[in-house]
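Student: Mind looking over this structure? Questions follow.
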Amino acid sequence: MATVLARALDLLYPPRCVACAAFGKNLCESCAGQLLPASGPGRCGRCGVRRDDEGRCPDCSGWRDLDGARAAFEMTGAARRVVHGLKFSGIRDLADGMAEALVPVVSGLAPDAIFPIPLHRSRHRRRGFNQAGVLFERLGWPPPPGRLERVRATATQVGLSASERRENVAGAFRYRGPGLKGATVAVLDDVVTTGATAGECARVLREHGAARVYALAYARAPYHSPASGRSDG
């Protein structure tokens, strides 16, 4: 019955590409082919941001608890539309393709555990879901040994400087579960920008024994992205 109902709904309300509005799929093959990988030469080896030179990256040099950041695509064009389609329009079917794109990124890192970055319960109530949690479910990775919790509601990170973002999320998370002694773990979100949110999660996980902590995301936004990008990381 569920399959029949889904097909009937597709006939009545066929999916449209979030990038070009063509009927047929939530992300058409043409737009998917235009996604820009957030890997390869011309990037910081630690945080993955695009760099014009090979010198020390000034933006992630101040990271204390994050060992690095890895993402599937650049937060531009179709990837931006995909992120916004899931987060703001609630098109959860987009998470399937997002998780699929993350598989090689996760496999290359091979963490002992992955923790989706949590929303505060007030924001979770308003949105109805946590995009990081949906991505984690579709990724199919084993459940982590404990859980990250957001214990303090925070203002949106949009429009804040890197230092303001760090201050905004300071003390906003806690970990509940067994010790993580010597573990390599990752925190998962839809977008990573300055790494402030992931960095605060990393600090908490290190307090419970994690040896290495990485940020994982579907999209990599530039550090100094415009407010219209609406990225929170």
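Going through the structure tokens in order, the chains are called A, B, and so on, while each chain numbers its residues from 1 and the ligands are numbered from 1 in the order shown.
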Do you know which residues are at most 9 Å from A:Asp189 counting only C-alpha atoms, after dropping those on the same chain fewer than 6 positions away, and could you put them as a ChimeraX atom specification?
Tutor: /A:116-118,131-133,135-136,198,215-219,233
Student: Limited to all heavy atoms, could you put the picked residues into a file as a compact mmCIF listing (two decimals), in the first residue's frame?
Tutor:
# COMPACT_ATOMS: atom_id res chain seq x y z
N PRO A 116 25.85 12.71 14.59
CA PRO A 116 25.17 13.83 13.93
C PRO A 116 25.09 15.01 14.89
O PRO A 116 24.81 14.84 16.07
CB PRO A 116 23.78 13.26 13.62
CG PRO A 116 23.60 12.13 14.57
CD PRO A 116 24.96 11.57 14.84
N ILE A 117 25.39 16.19 14.38
CA ILE A 117 25.31 17.39 15.23
C ILE A 117 23.85 17.67 15.56
O ILE A 117 23.02 17.80 14.66
CB ILE A 117 25.97 18.60 14.54
CG1 ILE A 117 27.48 18.36 14.41
CG2 ILE A 117 25.69 19.88 15.31
CD1 ILE A 117 28.24 19.48 13.74
N PRO A 118 23.51 17.75 16.84
CA PRO A 118 22.09 17.89 17.22
C PRO A 118 21.58 19.32 17.14
O PRO A 118 22.35 20.29 17.22
CB PRO A 118 22.09 17.40 18.68
CG PRO A 118 23.45 17.79 19.18
CD PRO A 118 24.39 17.61 18.02
N GLN A 131 18.35 17.87 10.15
CA GLN A 131 18.91 17.47 8.85
C GLN A 131 20.14 16.58 9.01
O GLN A 131 20.36 15.66 8.23
CB GLN A 131 19.23 18.69 7.98
CG GLN A 131 20.38 19.55 8.44
CD GLN A 131 19.98 20.54 9.53
OE1 GLN A 131 18.82 20.57 9.97
NE2 GLN A 131 20.93 21.35 9.97
N ALA A 132 20.95 16.83 10.04
CA ALA A 132 22.12 15.99 10.28
C ALA A 132 21.70 14.59 10.69
O ALA A 132 22.32 13.59 10.29
CB ALA A 132 23.02 16.62 11.35
N GLY A 133 20.64 14.50 11.48
CA GLY A 133 20.13 13.20 11.88
C GLY A 133 19.58 12.42 10.71
O GLY A 133 19.78 11.19 10.61
N LEU A 135 20.53 12.75 7.57
CA LEU A 135 21.70 12.32 6.79
C LEU A 135 22.35 11.08 7.40
O LEU A 135 22.74 10.15 6.70
CB LEU A 135 22.73 13.45 6.72
CG LEU A 135 22.56 14.49 5.63
CD1 LEU A 135 23.65 15.56 5.75
CD2 LEU A 135 22.61 13.86 4.25
N PHE A 136 22.47 11.09 8.73
CA PHE A 136 23.08 9.96 9.41
C PHE A 136 22.27 8.68 9.20
O PHE A 136 22.82 7.61 8.94
CB PHE A 136 23.21 10.25 10.91
CG PHE A 136 23.84 9.13 11.68
CD1 PHE A 136 25.21 8.93 11.65
CD2 PHE A 136 23.05 8.26 12.42
CE1 PHE A 136 25.79 7.88 12.35
CE2 PHE A 136 23.61 7.21 13.13
CZ PHE A 136 24.99 7.02 13.09
N ALA A 198 31.17 22.47 14.80
CA ALA A 198 31.86 21.18 14.86
C ALA A 198 33.00 21.23 15.88
O ALA A 198 33.26 20.25 16.59
CB ALA A 198 32.40 20.80 13.49
N ALA A 215 35.25 16.97 11.14
CA ALA A 215 33.94 17.44 10.71
C ALA A 215 33.63 16.83 9.36
O ALA A 215 34.47 16.86 8.45
CB ALA A 215 33.93 18.97 10.61
N LEU A 216 32.45 16.26 9.21
CA LEU A 216 31.98 15.70 7.95
C LEU A 216 30.76 16.49 7.50
O LEU A 216 29.88 16.78 8.32
CB LEU A 216 31.59 14.24 8.11
CG LEU A 216 32.69 13.20 8.26
CD1 LEU A 216 32.07 11.83 8.53
CD2 LEU A 216 33.56 13.15 7.00
N ALA A 217 30.68 16.81 6.22
CA ALA A 217 29.53 17.55 5.73
C ALA A 217 29.29 17.25 4.26
O ALA A 217 30.21 16.87 3.52
CB ALA A 217 29.73 19.05 5.92
N TYR A 218 28.06 17.44 3.84
CA TYR A 218 27.74 17.29 2.42
C TYR A 218 28.39 18.42 1.63
O TYR A 218 28.90 18.20 0.54
CB TYR A 218 26.22 17.32 2.24
CG TYR A 218 25.78 17.38 0.80
CD1 TYR A 218 25.83 16.26 -0.02
CD2 TYR A 218 25.30 18.57 0.24
CE1 TYR A 218 25.44 16.32 -1.35
CE2 TYR A 218 24.89 18.63 -1.08
CZ TYR A 218 24.97 17.51 -1.87
OH TYR A 218 24.57 17.58 -3.19
N ALA A 219 28.36 19.65 2.17
CA ALA A 219 28.86 20.80 1.43
C ALA A 219 29.87 21.60 2.24
O ALA A 219 29.77 21.70 3.46
CB ALA A 219 27.71 21.71 1.01
N GLY A 233 27.43 26.21 10.04
CA GLY A 233 28.56 25.53 10.65
C GLY A 233 29.69 26.41 11.08
O GLY A 233 29.86 27.51 10.64
Student: Please, what distance in Å, to one decimal, runs between atom CA of A:Arg70 and atom CA of A:Ala95?
Tutor: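 Separating atom CA of A:Arg70 from atom CA of A:Ala95 is a distance of 17.5 Å.
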Student: Find the residues around A:Leu119 up to 10 Å (only C-alpha atoms counted), leave out those fewer than 2 positions away in its own chain, and share them as a ChimeraX atom specification.
Tutor: /A:116-117,121-125,127,129-133,148-154,173
Student: Could the residues in this selection be written to a file with N, CA and C atoms, as an mmCIF file, in the first residue's frame?
Tutor:
data_model
loop_
_atom_site.group_PDB
_atom_site.id
_atom_site.type_symbol
_atom_site.label_atom_id
_atom_site.label_comp_id
_atom_site.auth_asym_id
_atom_site.auth_seq_id
_atom_site.Cartn_x
_atom_site.Cartn_y
_atom_site.Cartn_z
ATOM 1 N N PRO A 116 25.852 12.710 14.590
ATOM 2 C CA PRO A 116 25.169 13.833 13.929
ATOM 3 C C PRO A 116 25.095 15.014 14.885
ATOM 4 N N ILE A 117 25.387 16.194 14.384
ATOM 5 C CA ILE A 117 25.315 17.386 15.229
ATOM 6 C C ILE A 117 23.851 17.673 15.560
ATOM 7 N N ARG A 121 16.137 21.313 21.149
ATOM 8 C CA ARG A 121 14.771 20.788 21.043
ATOM 9 C C ARG A 121 13.785 21.844 20.537
ATOM 10 N N SER A 122 14.005 23.117 20.843
ATOM 11 C CA SER A 122 13.090 24.166 20.384
ATOM 12 C C SER A 122 13.151 24.319 18.869
ATOM 13 N N ARG A 123 14.369 24.273 18.313
ATOM 14 C CA ARG A 123 14.504 24.378 16.859
ATOM 15 C C ARG A 123 14.047 23.096 16.183
ATOM 16 N N HIS A 124 14.300 21.955 16.821
ATOM 17 C CA HIS A 124 13.841 20.682 16.276
ATOM 18 C C HIS A 124 12.317 20.672 16.181
ATOM 19 N N ARG A 125 11.664 21.236 17.197
ATOM 20 C CA ARG A 125 10.204 21.313 17.190
ATOM 21 C C ARG A 125 9.708 22.164 16.029
ATOM 22 N N ARG A 127 11.299 22.962 13.171
ATOM 23 C CA ARG A 127 11.641 22.416 11.861
ATOM 24 C C ARG A 127 10.995 21.060 11.635
ATOM 25 N N PHE A 129 12.450 18.160 12.185
ATOM 26 C CA PHE A 129 13.489 17.141 12.004
ATOM 27 C C PHE A 129 14.857 17.805 12.110
ATOM 28 N N ASN A 130 15.873 16.974 12.263
ATOM 29 C CA ASN A 130 17.258 17.447 12.271
ATOM 30 C C ASN A 130 17.918 16.956 10.994
ATOM 31 N N GLN A 131 18.348 17.870 10.146
ATOM 32 C CA GLN A 131 18.909 17.468 8.854
ATOM 33 C C GLN A 131 20.143 16.581 9.011
ATOM 34 N N ALA A 132 20.948 16.829 10.045
ATOM 35 C CA ALA A 132 22.123 15.993 10.279
ATOM 36 C C ALA A 132 21.704 14.585 10.688
ATOM 37 N N GLY A 133 20.635 14.500 11.476
ATOM 38 C CA GLY A 133 20.129 13.200 11.884
ATOM 39 C C GLY A 133 19.578 12.416 10.713
ATOM 40 N N LEU A 148 25.504 12.994 21.360
ATOM 41 C CA LEU A 148 25.705 14.418 21.566
ATOM 42 C C LEU A 148 24.346 15.050 21.788
ATOM 43 N N GLU A 149 24.282 16.011 22.706
ATOM 44 C CA GLU A 149 23.050 16.741 22.955
ATOM 45 C C GLU A 149 23.337 18.238 22.945
ATOM 46 N N ARG A 150 22.400 18.991 22.401
ATOM 47 C CA ARG A 150 22.515 20.452 22.455
ATOM 48 C C ARG A 150 21.706 20.916 23.659
ATOM 49 N N VAL A 151 22.386 21.468 24.634
ATOM 50 C CA VAL A 151 21.742 21.808 25.899
ATOM 51 C C VAL A 151 21.365 23.278 26.009
ATOM 52 N N ARG A 152 21.791 24.054 25.034
ATOM 53 C CA ARG A 152 21.477 25.489 25.069
ATOM 54 C C ARG A 152 21.083 25.949 23.680
ATOM 55 N N ALA A 153 19.959 26.646 23.593
ATOM 56 C CA ALA A 153 19.547 27.219 22.319
ATOM 57 C C ALA A 153 20.512 28.330 21.936
ATOM 58 N N THR A 154 20.871 28.390 20.662
ATOM 59 C CA THR A 154 21.805 29.408 20.187
ATOM 60 C C THR A 154 21.170 30.203 19.059
ATOM 61 N N PHE A 173 26.849 22.189 23.955
ATOM 62 C CA PHE A 173 26.720 20.746 23.753
ATOM 63 C C PHE A 173 27.224 19.955 24.964
#
Student: Which residues are close to A:Val49, i.e. within 7 Å by only C-alpha atoms, leaving aside same-chain residues fewer than 4 positions away? Reply as a PyMOL selection string.
Tutor: chain A and resi 43-44+222
Student: Could you write those residues out with C-alpha atoms, as an mmCIF file, in the first residue's frame?
Tutor:
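And here's selection.cif as it stands now:
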data_model
loop_
_atom_site.group_PDB
_atom_site.id
_atom_site.type_symbol
_atom_site.label_atom_id
_atom_site.label_comp_id
_atom_site.auth_asym_id
_atom_site.auth_seq_id
_atom_site.Cartn_x
_atom_site.Cartn_y
_atom_site.Cartn_z
ATOM 1 C CA ARG A 43 42.725 23.199 -1.124
ATOM 2 C CA CYS A 44 43.851 23.313 2.465
ATOM 3 C CA PRO A 222 33.811 29.365 2.227
#
Student: Give the helix (DSSP H, G or I) residues of chain A, as assigned by DSSP on the backbone, as an MDAnalysis selection string.
Tutor: chainID A and resid 2:12 29:32 77:87 94:109 121:127 131:139 162:169 196:207 227:229
Student: Given the choices A:Val82, A:Met98, A:Val192, A:Cys20, which gets closest to A:Gly48 if the distance is worked out from only C-alpha atoms?
Tutor: A:Val192
Student: Can you check which residues of stretch 13-228 of chain A DSSP gives as strand (DSSP E) on the backbone and send them as a ChimeraX atom specification?
Tutor: /A:68-74,113-116,147-150,173-176,184-192,212-220
Student: Need the shell around A:Gly177: protein/DNA/RNA residues with any atom at most 7 Å away, counting only C-alpha atoms. Skip same-chain ones fewer than 6 positions apart. Format as a list in words?
Tutor: Pro145, Gly146 and Arg147 of chain A
Student: Looking at A:Gly140, A:Phe115, A:Leu27, A:Gly45, which one is nearest to A:Arg81, with distances taken over only C-alpha atoms?
Tutor: A:Leu27
Student: Might you pull out every residue within 9 Å of stretch 54-64 of chain A, with only C-alpha atoms counted and same-chain residues fewer than 4 positions away left off, and present them as a PyMOL selection string?
Tutor: chain A and resi 42-47+49+68+162+194-196+199+203+223
Student: Give me the residues within 12 Å of A:Ser30 as a compact mmCIF listing (two decimals) with all heavy atoms, in the first residue's frame, counting only C-alpha atoms and dropping any in the same chain fewer than 4 places off.
Tutor:
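Full text of result30.txt as output:
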# COMPACT_ATOMS: atom_id res chain seq x y z
N CYS A 17 13.24 19.11 -9.86
CA CYS A 17 14.65 19.35 -9.51
C CYS A 17 14.75 20.65 -8.70
O CYS A 17 14.24 21.68 -9.11
CB CYS A 17 15.49 19.45 -10.77
SG CYS A 17 17.22 19.87 -10.47
N VAL A 18 15.42 20.58 -7.56
CA VAL A 18 15.55 21.76 -6.71
C VAL A 18 16.45 22.82 -7.34
O VAL A 18 16.42 23.98 -6.92
CB VAL A 18 16.10 21.38 -5.32
CG1 VAL A 18 15.11 20.54 -4.55
CG2 VAL A 18 17.45 20.68 -5.43
N ALA A 19 17.24 22.42 -8.33
CA ALA A 19 18.16 23.38 -8.95
C ALA A 19 17.60 24.03 -10.20
O ALA A 19 17.78 25.23 -10.42
CB ALA A 19 19.48 22.68 -9.28
N CYS A 20 16.90 23.25 -11.05
CA CYS A 20 16.41 23.82 -12.32
C CYS A 20 14.91 23.72 -12.49
O CYS A 20 14.37 24.19 -13.49
CB CYS A 20 17.12 23.16 -13.50
SG CYS A 20 16.59 21.45 -13.81
N ALA A 21 14.21 23.06 -11.55
CA ALA A 21 12.75 22.91 -11.54
C ALA A 21 12.21 21.97 -12.61
O ALA A 21 11.01 21.91 -12.84
CB ALA A 21 12.07 24.27 -11.65
N ALA A 22 13.08 21.21 -13.26
CA ALA A 22 12.61 20.22 -14.24
C ALA A 22 11.88 19.09 -13.52
O ALA A 22 12.27 18.68 -12.42
CB ALA A 22 13.79 19.65 -15.02
N GLY A 24 10.62 15.29 -12.68
CA GLY A 24 11.19 13.95 -12.77
C GLY A 24 11.93 13.50 -11.53
O GLY A 24 11.68 12.43 -11.00
N LYS A 25 12.88 14.32 -11.04
CA LYS A 25 13.67 13.96 -9.87
C LYS A 25 13.89 15.19 -9.00
O LYS A 25 13.80 16.33 -9.49
CB LYS A 25 15.04 13.40 -10.28
CG LYS A 25 15.00 12.08 -11.02
CD LYS A 25 16.42 11.60 -11.31
CE LYS A 25 16.42 10.25 -12.01
NZ LYS A 25 17.81 9.77 -12.28
N ASN A 26 14.20 14.95 -7.73
CA ASN A 26 14.50 16.07 -6.83
C ASN A 26 15.79 16.77 -7.21
O ASN A 26 16.00 17.94 -6.89
CB ASN A 26 14.57 15.58 -5.39
CG ASN A 26 13.21 15.20 -4.84
OD1 ASN A 26 12.24 15.92 -5.02
ND2 ASN A 26 13.13 14.04 -4.19
N GLN A 34 26.75 18.95 -12.42
CA GLN A 34 27.40 20.24 -12.23
C GLN A 34 27.90 20.46 -10.80
O GLN A 34 28.48 21.50 -10.49
CB GLN A 34 26.43 21.35 -12.61
CG GLN A 34 26.00 21.32 -14.06
CD GLN A 34 24.92 22.34 -14.39
OE1 GLN A 34 24.88 23.42 -13.79
NE2 GLN A 34 24.03 22.00 -15.29
N LEU A 35 27.68 19.48 -9.93
CA LEU A 35 28.16 19.59 -8.55
C LEU A 35 29.68 19.62 -8.54
O LEU A 35 30.33 18.84 -9.24
CB LEU A 35 27.66 18.40 -7.72
CG LEU A 35 26.15 18.32 -7.50
CD1 LEU A 35 25.77 16.96 -6.96
CD2 LEU A 35 25.69 19.42 -6.55
N ALA A 78 24.04 23.89 -7.53
CA ALA A 78 23.09 22.82 -7.22
C ALA A 78 23.24 22.31 -5.79
O ALA A 78 22.25 21.97 -5.14
CB ALA A 78 23.25 21.67 -8.22
